[in-house]
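Data from my_file.txt: compact mmCIF, C-alpha atoms
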```txt
# COMPACT_ATOMS: atom_id res chain seq x y z
CA MET A 1 -143.72 116.33 -28.62
CA LEU A 2 -142.16 115.33 -25.31
CA ASN A 3 -143.76 111.88 -25.61
CA GLY A 4 -142.21 111.50 -29.05
CA ILE A 5 -138.76 112.60 -27.96
CA TRP A 6 -138.81 110.35 -24.93
CA LEU A 7 -139.96 107.24 -26.75
CA GLY A 8 -137.71 108.12 -29.70
CA MET A 9 -134.58 108.26 -27.57
CA ILE A 10 -135.31 104.91 -25.95
CA LEU A 11 -136.26 103.30 -29.25
CA ILE A 12 -133.23 104.61 -31.14
CA GLY A 13 -131.11 103.61 -28.16
CA PHE A 14 -132.48 100.09 -28.34
CA VAL A 15 -131.82 99.76 -32.07
CA PHE A 16 -128.27 101.05 -31.74
CA ALA A 17 -127.57 98.90 -28.71
CA ALA A 18 -128.78 95.87 -30.67
CA VAL A 19 -126.61 96.71 -33.70
CA ASN A 20 -123.55 97.59 -31.64
CA GLY A 21 -124.00 94.65 -29.28
CA ARG A 22 -124.28 96.95 -26.30
CA MET A 23 -127.23 95.41 -24.48
CA ASN A 24 -125.34 95.27 -21.17
CA GLU A 25 -124.48 98.95 -21.52
CA PHE A 26 -128.14 99.65 -22.27
CA THR A 27 -129.19 97.97 -19.03
CA ALA A 28 -126.50 99.73 -17.04
CA ALA A 29 -127.55 103.04 -18.57
CA VAL A 30 -131.16 102.52 -17.49
CA PHE A 31 -130.22 102.18 -13.85
CA ASP A 32 -127.53 104.84 -13.99
CA GLY A 33 -130.04 107.27 -15.44
CA ALA A 34 -132.63 106.39 -12.83
CA LYS A 35 -130.07 106.81 -10.09
CA SER A 36 -128.93 110.21 -11.29
CA GLY A 37 -132.57 111.31 -11.57
CA VAL A 38 -133.03 110.61 -7.89
CA THR A 39 -129.63 112.07 -6.97
CA VAL A 40 -130.37 115.31 -8.79
CA SER A 41 -133.80 115.59 -7.16
CA PHE A 42 -132.32 114.95 -3.74
CA GLY A 43 -129.70 117.57 -4.45
CA LEU A 44 -132.55 119.98 -5.08
CA ILE A 45 -134.12 119.34 -1.67
CA SER A 46 -131.65 121.42 0.30
CA VAL A 47 -131.77 124.46 -1.98
CA LEU A 48 -135.53 124.25 -2.41
CA VAL A 49 -136.20 123.99 1.31
CA PHE A 50 -133.85 126.85 2.09
CA TRP A 51 -134.91 129.29 -0.64
CA LEU A 52 -138.60 128.66 -0.27
CA GLY A 53 -138.15 129.48 3.41
CA ILE A 54 -136.34 132.74 2.67
CA MET A 55 -138.83 133.66 -0.03
CA ARG A 56 -141.73 133.06 2.36
CA ILE A 57 -140.19 135.63 4.69
CA ALA A 58 -139.98 138.04 1.76
CA GLU A 59 -143.60 137.34 0.92
CA ASP A 60 -144.83 137.76 4.49
CA ALA A 61 -143.02 141.10 4.67
CA ASP A 62 -144.77 142.19 1.44
CA LEU A 63 -141.34 142.59 -0.12
CA LEU A 64 -142.25 140.62 -3.24
CA LYS A 65 -145.30 142.80 -3.77
CA LYS A 66 -143.18 145.92 -3.55
CA ILE A 67 -140.65 144.59 -6.02
CA SER A 68 -143.37 143.58 -8.44
CA ARG A 69 -144.96 147.00 -8.17
CA VAL A 70 -141.68 148.75 -9.01
CA LEU A 71 -140.45 146.40 -11.73
CA GLY A 72 -143.90 145.22 -12.82
CA PRO A 73 -143.98 147.05 -16.16
CA VAL A 74 -140.93 145.10 -17.40
CA VAL A 75 -142.58 141.83 -16.54
CA SER A 76 -146.01 142.72 -17.81
CA PHE A 77 -144.53 143.17 -21.29
CA LEU A 78 -143.34 139.55 -21.21
CA PHE A 79 -146.26 138.19 -19.18
CA PRO A 80 -149.33 140.13 -20.30
CA ASP A 81 -151.79 137.64 -18.77
CA VAL A 82 -150.48 137.83 -15.22
CA PRO A 83 -152.51 140.38 -13.24
CA LYS A 84 -150.63 143.36 -11.82
CA GLY A 85 -149.34 142.85 -8.31
CA HIS A 86 -149.78 139.06 -8.43
CA PRO A 87 -147.15 137.26 -6.33
CA ALA A 88 -146.03 135.34 -9.42
CA ILE A 89 -144.43 138.53 -10.72
CA GLY A 90 -142.21 138.80 -7.64
CA TYR A 91 -141.02 135.24 -8.11
CA ILE A 92 -140.50 135.66 -11.85
CA LEU A 93 -138.33 138.70 -11.14
CA SER A 94 -136.36 136.84 -8.48
CA ASN A 95 -135.85 133.97 -10.90
CA MET A 96 -134.70 136.26 -13.68
CA SER A 97 -132.24 138.15 -11.48
CA ALA A 98 -130.83 134.94 -9.99
CA ASN A 99 -130.26 133.67 -13.54
CA LEU A 100 -128.58 136.92 -14.53
CA LEU A 101 -126.16 136.61 -11.64
CA GLY A 102 -125.52 132.96 -12.46
CA LEU A 103 -126.93 131.79 -9.12
CA GLY A 104 -128.34 128.48 -10.34
CA ASN A 105 -128.98 127.31 -6.79
CA ALA A 106 -131.33 130.20 -6.19
CA ALA A 107 -132.78 130.47 -9.69
CA THR A 108 -134.35 127.01 -9.78
CA PRO A 109 -136.34 127.24 -6.52
CA MET A 110 -137.61 130.69 -7.45
CA GLY A 111 -138.53 129.53 -10.93
CA ILE A 112 -140.42 126.57 -9.48
CA LYS A 113 -142.20 128.88 -7.05
CA ALA A 114 -143.10 131.19 -9.93
CA MET A 115 -144.51 128.16 -11.78
CA GLN A 116 -146.61 127.24 -8.75
CA GLU A 117 -147.97 130.77 -8.57
CA LEU A 118 -148.74 130.73 -12.30
CA GLN A 119 -150.47 127.41 -11.74
CA THR A 120 -152.97 129.14 -9.43
CA LEU A 121 -154.00 131.24 -12.46
CA ASN A 122 -154.30 128.20 -14.70
CA PRO A 123 -157.82 127.00 -15.52
CA ASP A 124 -156.55 123.64 -16.79
CA LYS A 125 -154.02 122.27 -14.30
CA GLU A 126 -152.41 119.84 -16.73
CA THR A 127 -151.86 122.18 -19.65
CA ALA A 128 -149.25 124.91 -19.60
CA THR A 129 -150.44 128.50 -19.89
CA PRO A 130 -148.72 130.96 -22.25
CA ALA A 131 -147.15 132.65 -19.22
CA MET A 132 -145.64 129.32 -18.12
CA CYS A 133 -144.21 128.79 -21.59
CA THR A 134 -142.66 132.25 -21.52
CA LEU A 135 -141.08 131.60 -18.13
CA LEU A 136 -139.70 128.35 -19.44
CA ALA A 137 -138.34 129.99 -22.59
CA LEU A 138 -136.52 132.58 -20.49
CA ASN A 139 -135.03 129.86 -18.33
CA THR A 140 -133.90 127.56 -21.13
CA ALA A 141 -132.04 130.44 -22.76
CA SER A 142 -131.06 131.79 -19.34
CA ILE A 143 -129.18 135.06 -19.74
CA THR A 144 -126.13 134.93 -17.51
CA LEU A 145 -123.79 137.83 -16.94
CA ILE A 146 -120.96 135.75 -15.52
CA PRO A 147 -120.54 132.07 -16.42
CA ALA A 148 -118.82 131.37 -13.10
CA THR A 149 -118.45 127.59 -13.47
CA LEU A 150 -116.70 127.90 -16.80
CA ILE A 151 -114.37 130.63 -15.61
CA ALA A 152 -113.39 128.35 -12.74
CA ILE A 153 -112.74 125.42 -15.11
CA ARG A 154 -110.70 127.59 -17.46
CA LEU A 155 -108.67 128.89 -14.55
CA ASN A 156 -108.12 125.32 -13.45
CA TYR A 157 -106.60 124.39 -16.80
CA GLY A 158 -104.22 127.35 -16.80
CA SER A 159 -105.98 129.80 -19.07
CA ALA A 160 -104.11 133.07 -19.66
CA ASP A 161 -107.41 134.95 -19.53
CA PRO A 162 -110.17 132.87 -17.94
CA ALA A 163 -112.73 135.65 -18.27
CA ALA A 164 -112.14 136.10 -22.01
CA ILE A 165 -115.36 134.21 -22.71
CA VAL A 166 -117.57 136.61 -20.75
CA GLY A 167 -118.19 138.87 -23.73
CA THR A 168 -118.79 136.10 -26.25
CA THR A 169 -121.04 134.23 -23.83
CA LEU A 170 -123.08 137.34 -23.16
CA ALA A 171 -123.50 137.96 -26.88
CA ALA A 172 -124.54 134.36 -27.57
CA THR A 173 -126.92 134.17 -24.62
CA ALA A 174 -128.51 137.49 -25.57
CA VAL A 175 -129.16 136.24 -29.10
CA ALA A 176 -130.56 132.95 -27.75
CA THR A 177 -132.84 134.78 -25.32
CA LEU A 178 -134.13 137.13 -28.01
CA ALA A 179 -134.80 134.13 -30.23
CA ALA A 180 -136.63 132.41 -27.37
CA ILE A 181 -138.81 135.45 -26.66
CA ALA A 182 -139.58 135.96 -30.34
CA ALA A 183 -140.43 132.28 -30.89
CA ASP A 184 -142.54 132.26 -27.73
CA ARG A 185 -144.47 135.31 -28.91
CA LEU A 186 -145.03 133.76 -32.31
CA CYS A 187 -146.25 130.44 -30.88
CA ARG A 188 -148.51 132.26 -28.44
CA ARG A 189 -150.09 134.21 -31.31
CA LEU A 190 -150.53 131.07 -33.38
CA THR A 191 -152.23 129.11 -30.59
CA LEU A 192 -154.49 132.05 -29.80
CA LEU A 193 -155.53 132.20 -33.43
CA ARG A 194 -156.15 128.50 -33.62
CA ARG A 195 -158.54 128.35 -30.71
CA PRO A 196 -160.27 130.93 -28.56
CA PRO A 197 -158.64 131.60 -25.21
CA GLY A 198 -159.96 129.64 -22.25
CA PRO A 199 -162.16 131.01 -19.49
CA PRO A 200 -160.81 133.98 -17.54
CA PRO A 201 -157.87 132.85 -15.45
CA ALA A 202 -159.23 134.22 -12.17
CA ILE A 203 -161.17 131.04 -11.34
CA ARG A 204 -159.67 129.12 -8.46
CA SER A 205 -161.64 125.93 -8.23
CA GLY A 206 -160.76 123.60 -5.40
CA THR A 207 -161.40 120.45 -7.39
CA ALA A 208 -159.00 121.34 -10.15
CA ALA A 209 -156.22 121.97 -7.66
CA ALA A 210 -156.88 118.70 -5.92
CA LYS A 211 -156.83 116.67 -9.12
CA GLY A 212 -153.37 117.73 -10.35
CA SER A 213 -150.77 115.01 -10.13
CA ALA A 214 -148.51 117.08 -7.91
CA THR A 215 -150.72 118.85 -5.43
CA LEU A 216 -148.45 121.37 -3.88
CA PRO A 217 -149.65 123.73 -1.21
CA HIS A 218 -149.37 127.13 -2.76
CA SER A 219 -148.29 129.93 -0.58
CA SER A 220 -150.58 132.31 1.19
CA VAL A 221 -151.06 135.71 -0.33
CA LYS A 222 -151.23 138.26 2.38
CA GLY A 223 -151.96 141.95 2.46
CA MET B 1 -117.30 145.84 -15.69
CA PHE B 2 -116.39 142.20 -15.23
CA GLN B 3 -115.10 142.93 -11.72
CA LEU B 4 -118.27 144.77 -10.83
CA ILE B 5 -120.53 141.98 -12.02
CA SER B 6 -118.59 139.28 -10.21
CA LEU B 7 -118.62 141.42 -7.08
CA ILE B 8 -122.41 141.68 -7.31
CA SER B 9 -122.64 137.92 -7.89
CA ALA B 10 -120.51 137.21 -4.85
CA TRP B 11 -122.53 139.54 -2.61
CA ALA B 12 -126.02 138.74 -3.86
CA ILE B 13 -126.81 135.66 -1.80
CA PRO B 14 -125.27 136.79 1.51
CA VAL B 15 -127.06 140.14 1.18
CA MET B 16 -130.42 138.49 0.44
CA VAL B 17 -130.08 135.94 3.22
CA THR B 18 -129.29 138.71 5.70
CA PHE B 19 -131.46 141.59 4.64
CA ILE B 20 -134.72 139.89 3.67
CA PRO B 21 -135.18 138.55 7.23
CA LEU B 22 -133.96 141.86 8.68
CA TYR B 23 -136.47 143.85 6.65
CA ALA B 24 -139.24 141.41 7.54
CA PHE B 25 -138.31 141.60 11.22
CA SER B 26 -138.58 145.38 11.12
CA ARG B 27 -142.11 144.88 9.78
CA LYS B 28 -142.94 142.61 12.72
CA VAL B 29 -142.97 139.36 10.73
CA PRO B 30 -142.14 136.34 12.92
CA VAL B 31 -139.14 135.55 10.71
CA TYR B 32 -138.21 132.10 11.93
CA GLU B 33 -141.76 130.74 11.92
CA SER B 34 -142.24 132.25 8.50
CA PHE B 35 -139.07 130.60 7.23
CA VAL B 36 -140.04 127.17 8.52
CA GLU B 37 -143.55 127.51 7.12
CA GLY B 38 -142.25 128.29 3.64
CA ALA B 39 -139.41 125.77 3.78
CA LYS B 40 -141.91 122.94 4.38
CA ASP B 41 -143.01 123.16 0.74
CA GLY B 42 -139.48 122.55 -0.51
CA PHE B 43 -139.30 118.87 0.31
CA GLY B 44 -142.56 117.95 -1.37
CA THR B 45 -141.62 119.93 -4.45
CA ALA B 46 -138.29 118.15 -4.81
CA ILE B 47 -139.96 114.77 -4.36
CA ALA B 48 -142.62 115.61 -6.95
CA ILE B 49 -139.86 116.12 -9.52
CA ILE B 50 -138.29 112.66 -9.06
CA PRO B 51 -140.48 110.64 -11.47
CA HIS B 52 -140.07 113.23 -14.19
CA LEU B 53 -136.31 113.41 -13.84
CA VAL B 54 -135.85 109.66 -13.59
CA GLY B 55 -137.87 109.11 -16.76
CA MET B 56 -136.00 111.75 -18.70
CA LEU B 57 -132.50 110.86 -17.50
CA VAL B 58 -133.01 107.17 -18.24
CA ALA B 59 -133.95 107.96 -21.85
CA ILE B 60 -130.98 110.29 -22.28
CA SER B 61 -128.53 107.90 -20.71
CA VAL B 62 -129.75 104.98 -22.84
CA PHE B 63 -129.47 107.15 -25.93
CA ARG B 64 -125.86 107.95 -25.12
CA ALA B 65 -124.76 104.50 -23.96
CA SER B 66 -126.12 102.74 -27.05
CA GLY B 67 -123.79 104.68 -29.31
CA ALA B 68 -126.63 106.50 -31.04
CA LEU B 69 -125.27 109.90 -30.04
CA ASP B 70 -121.78 109.05 -31.37
CA PHE B 71 -123.27 107.90 -34.64
CA LEU B 72 -125.27 111.09 -35.02
CA MET B 73 -122.15 113.15 -34.37
CA GLY B 74 -120.06 111.23 -36.89
CA PHE B 75 -122.81 111.82 -39.40
CA VAL B 76 -122.98 115.59 -39.02
CA SER B 77 -119.35 116.48 -38.39
CA PRO B 78 -117.99 116.40 -41.99
CA LEU B 79 -120.76 118.79 -42.96
CA VAL B 80 -119.80 121.23 -40.25
CA GLN B 81 -116.09 120.93 -40.81
CA SER B 82 -116.55 122.16 -44.36
CA LEU B 83 -117.92 125.41 -42.89
CA GLY B 84 -114.67 126.06 -41.03
CA ILE B 85 -116.11 125.09 -37.66
CA PRO B 86 -114.00 122.70 -35.61
CA ALA B 87 -115.93 119.42 -35.58
CA GLU B 88 -114.92 118.74 -31.98
CA VAL B 89 -117.44 121.25 -30.65
CA LEU B 90 -120.33 119.76 -32.57
CA PRO B 91 -121.38 117.12 -30.05
CA LEU B 92 -122.02 119.97 -27.65
CA GLY B 93 -124.86 121.16 -29.83
CA LEU B 94 -126.58 117.83 -29.25
CA LEU B 95 -125.49 117.33 -25.65
CA ARG B 96 -126.23 120.81 -24.35
CA PRO B 97 -130.05 120.70 -24.51
CA LEU B 98 -130.14 117.12 -23.21
CA THR B 99 -127.81 116.95 -20.25
CA GLY B 100 -126.15 119.68 -18.24
CA THR B 101 -123.61 117.47 -16.49
CA GLY B 102 -122.89 115.55 -19.71
CA SER B 103 -122.16 118.66 -21.71
CA LEU B 104 -120.15 120.18 -18.87
CA ALA B 105 -118.03 117.04 -18.72
CA TYR B 106 -117.55 117.18 -22.48
CA THR B 107 -116.62 120.87 -22.38
CA THR B 108 -114.14 120.23 -19.58
CA ASP B 109 -112.58 117.47 -21.63
CA LEU B 110 -112.25 119.70 -24.70
CA ILE B 111 -110.60 122.37 -22.54
CA ARG B 112 -108.25 119.79 -21.07
CA VAL B 113 -107.24 118.33 -24.43
CA HIS B 114 -107.09 121.46 -26.59
CA GLY B 115 -106.31 124.08 -23.96
CA PRO B 116 -108.63 126.71 -22.54
CA ASP B 117 -107.36 129.46 -24.83
CA SER B 118 -107.60 127.50 -28.09
CA LEU B 119 -110.42 128.29 -30.48
CA ILE B 120 -112.08 124.98 -29.59
CA GLY B 121 -111.79 125.78 -25.89
CA MET B 122 -113.29 129.22 -26.40
CA ILE B 123 -116.19 127.98 -28.50
CA ALA B 124 -116.93 125.13 -26.10
CA SER B 125 -116.91 127.45 -23.09
CA THR B 126 -119.17 129.92 -24.84
CA ILE B 127 -121.67 127.25 -25.91
CA GLN B 128 -121.74 125.73 -22.44
CA GLY B 129 -122.26 129.09 -20.77
CA SER B 130 -124.78 130.59 -23.12
CA THR B 131 -127.83 128.35 -22.72
CA ASP B 132 -129.31 126.09 -20.09
CA THR B 133 -130.25 122.43 -20.36
CA THR B 134 -133.66 122.73 -22.01
CA LEU B 135 -134.89 119.22 -21.25
CA TYR B 136 -133.89 119.51 -17.60
CA VAL B 137 -135.52 122.91 -17.14
CA LEU B 138 -138.69 121.68 -18.82
CA THR B 139 -138.79 118.48 -16.77
CA VAL B 140 -138.17 120.18 -13.45
CA TYR B 141 -140.42 123.22 -13.89
CA PHE B 142 -143.38 121.43 -15.40
CA GLY B 143 -142.84 118.38 -13.21
CA ALA B 144 -143.02 120.49 -10.07
CA VAL B 145 -146.54 121.68 -10.82
CA GLY B 146 -147.84 118.60 -12.62
CA ILE B 147 -148.14 120.06 -16.11
CA ARG B 148 -148.49 117.28 -18.68
CA ASN B 149 -149.14 119.23 -21.83
CA GLY B 150 -146.29 121.69 -22.25
CA ARG B 151 -147.72 122.98 -25.54
CA TYR B 152 -145.05 124.74 -27.59
CA ALA B 153 -142.54 125.20 -24.74
CA LEU B 154 -140.19 122.44 -25.88
CA LYS B 155 -140.11 123.71 -29.45
CA VAL B 156 -139.29 127.22 -28.29
CA GLY B 157 -136.57 125.94 -25.96
CA LEU B 158 -134.91 123.79 -28.60
CA PHE B 159 -135.16 126.55 -31.17
CA SER B 160 -133.38 128.97 -28.89
CA ASP B 161 -130.71 126.31 -28.23
CA VAL B 162 -130.01 126.03 -31.93
CA VAL B 163 -129.88 129.80 -32.32
CA GLY B 164 -127.61 130.09 -29.27
CA PHE B 165 -125.31 127.36 -30.59
CA ILE B 166 -124.90 129.04 -33.96
CA ALA B 167 -124.50 132.45 -32.33
CA ALA B 168 -121.81 131.12 -29.96
CA ILE B 169 -119.78 129.68 -32.84
CA ALA B 170 -120.23 132.77 -35.01
CA VAL B 171 -119.23 135.18 -32.26
CA CYS B 172 -116.17 133.11 -31.32
CA LEU B 173 -115.03 132.81 -34.93
CA LEU B 174 -115.40 136.58 -35.24
CA VAL B 175 -113.61 137.45 -32.01
CA PHE B 176 -111.00 134.71 -31.64
CA GLY B 177 -110.88 133.16 -35.12
```

Spit out the file's structure as structure tokens when you get a sec.
Amino acid sequence: MLNGIWLGMILIGFVFAAVNGRMNEFTAAVFDGAKSGVTVSFGLISVLVFWLGIMRIAEDADLLKKISRVLGPVVSFLFPDVPKGHPAIGYILSNMSANLLGLGNAATPMGIKAMQELQTLNPDKETATPAMCTLLALNTASITLIPATLIAIRLNYGSADPAAIVGTTLAATAVATLAAIAADRLCRRLTLLRRPPGPPPAIRSGTAAAKGSATLPHSSVKG
Amino acid sequence: MFQLISLISAWAIPVMVTFIPLYAFSRKVPVYESFVEGAKDGFGTAIAIIPHLVGMLVAISVFRASGALDFLMGFVSPLVQSLGIPAEVLPLGLLRPLTGTGSLAYTTDLIRVHGPDSLIGMIASTIQGSTDTTLYVLTVYFGAVGIRNGRYALKVGLFSDVVGFIAAIAVCLLVFG
């Protein structure tokens, strides 16, 4: 589906650029897009480096394990295939709470770390597991209690009540999140019906990890 | 309630940055070494995302620059206007899942032109705040671990965007309309 969307956007873009006589804009857009891709990734470096450092401290102190033991039941409803006490649960919880508080800078590194931990449970390193899809669904809907950026913009343009949108945003984001969870559940069921589940996820083969396109050192699990 | 939540938001990061190392130190973790060890992974992860983001952002930016997005909007807006929804907010429904900065810029412009407290301003703010940029989240999260086959994740993400978009408009029409 992603292949289709990607090619589709470029192809439709080409046709429209041809009809509208915007070939120069097309070319400029290619390099602008490439540039912003790199800029955004570079912008991620600082937050990723910092938060992964802090989270490693939390992991080494067994803090993540404690959190996942206390709040585990909530997560295991959404992520039934992740074993209890697995470090992924700690990161998923951190990601969810950072999203709730609207801390985008912290949410992304923790979400990526959660993905990397889920990847250690994945028998096929190039195909997403149901747990990964659920994590993604939660993040695309991203429940936020306070849309801080928007409040700031509204304040900037002289709103009488900048925070008036908090309630409506919360309602809309809650509906979107529920829809995401429901759709995720449904798709998970459908794929499970269509083909039997893969081998048990506990296998950690060295070759599979080495073959993945982005071989990232996953963190040590201590204790 | 609002005050409480924004207070928690303001305190969350300073508290974490201070008390996670403090707690670890009390448990005899070599905090600085531990930090550096974990932080090392950050650079590689960010670099691994670059090809994915470049590919995706090029496609989106071409799509916008060619005028295809404008055409699509002009096509759908009369339909929406007949439902009593201000057509100005419609492009957001298309922009929001594709580009976070693009839709934020568009929202800011709507707020500037129509005023933050107008119905359009309210709806735009609510749409912008209620979901995240699906294509970006997908690209970054899957890109970071090298997942190629995302299975149904994109469908679920886009579905929830549509639901969130409709919900945002409906709630705003109910509350502010």

- Query: Do you know which residues are at most 12 Å from Ala87 of chain B counting only C-alpha atoms, after dropping those on the same chain fewer than 4 positions away, and could you put them as a PyMOL selection string?
  - Reply: chain B and resi 73-83+91-93+110+119-120+123-124+169

With 3 Å of padding per side, what axis-aligned box (centre and edge lengths, Å, one decimal) covers all the listed atoms of segment 106-115 of chain A? Give it as lines of an AutoDock Vina configuration file.
```
center_x = -137.9
center_y = 128.9
center_z = -9.0
size_x = 19.2
size_y = 10.6
size_z = 11.6
```

- Just give me the gap between atom CA of Ser118 of chain B and atom CA of Ala174 of chain A in Å, one decimal is fine.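 Taking atom CA of Ser118 of chain B as the start and atom CA of Ala174 of chain A as the end point, the length is 23.3 Å.
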
- Message: I'd like the neighbourhood of Gln128 of chain B as JSON, numbers by chain, where a residue qualifies if any of its atoms comes within 8 Å (using all atoms listed in the file), though same-chain residues fewer than 5 positions away should be ignored.
- Response: {"A": [150], "B": [92, 96, 103, 104, 107]}

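Among the candidates A:Leu118, A:Ala148, A:Leu136, A:Leu71, the one nearest to Pro87 of chain A when counting all atoms listed in the file is A:Leu118.
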
- Provide as an NGL selection string the residues of chain A at most 6 Å from chain B, counting all atoms listed in the file. :A and (9-10 or 13 or 16-17 or 26 or 29-30 or 33-34 or 37-38 or 41 or 45 or 48-50 or 52-54 or 56-58 or 61 or 101 or 112 or 116 or 126-128 or 133 or 137 or 140-142 or 147 or 154 or 159 or 169 or 172-173 or 176 or 179-180 or 183 or 213-214)

- Item | One-decimal distance in Å that lies between atom CA of Thr144 of chain A and atom CA of Gly167 of chain A |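 Separation of atom CA of Gly167 of chain A and atom CA of Thr144 of chain A: 10.8 Å.
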
- What's the 9 Å shell around Leu93 of chain A, counting only C-alpha atoms, without same-chain residues fewer than 6 positions away, as a ChimeraX atom specification? /A:67-68,71-72,75,110,114

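Taking atom CA of Leu192 of chain A and atom CA of Val82 of chain A as the two end points, the separation is 16.2 Å.
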
- Item | Among listed residues A:Ala171, A:Ile92, A:Leu100, A:Ala160, nearest Glu117 of chain A (using all atoms listed in the file) |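 Looking at the shortest contact to Glu117 of chain A, the residue is A:Ile92.
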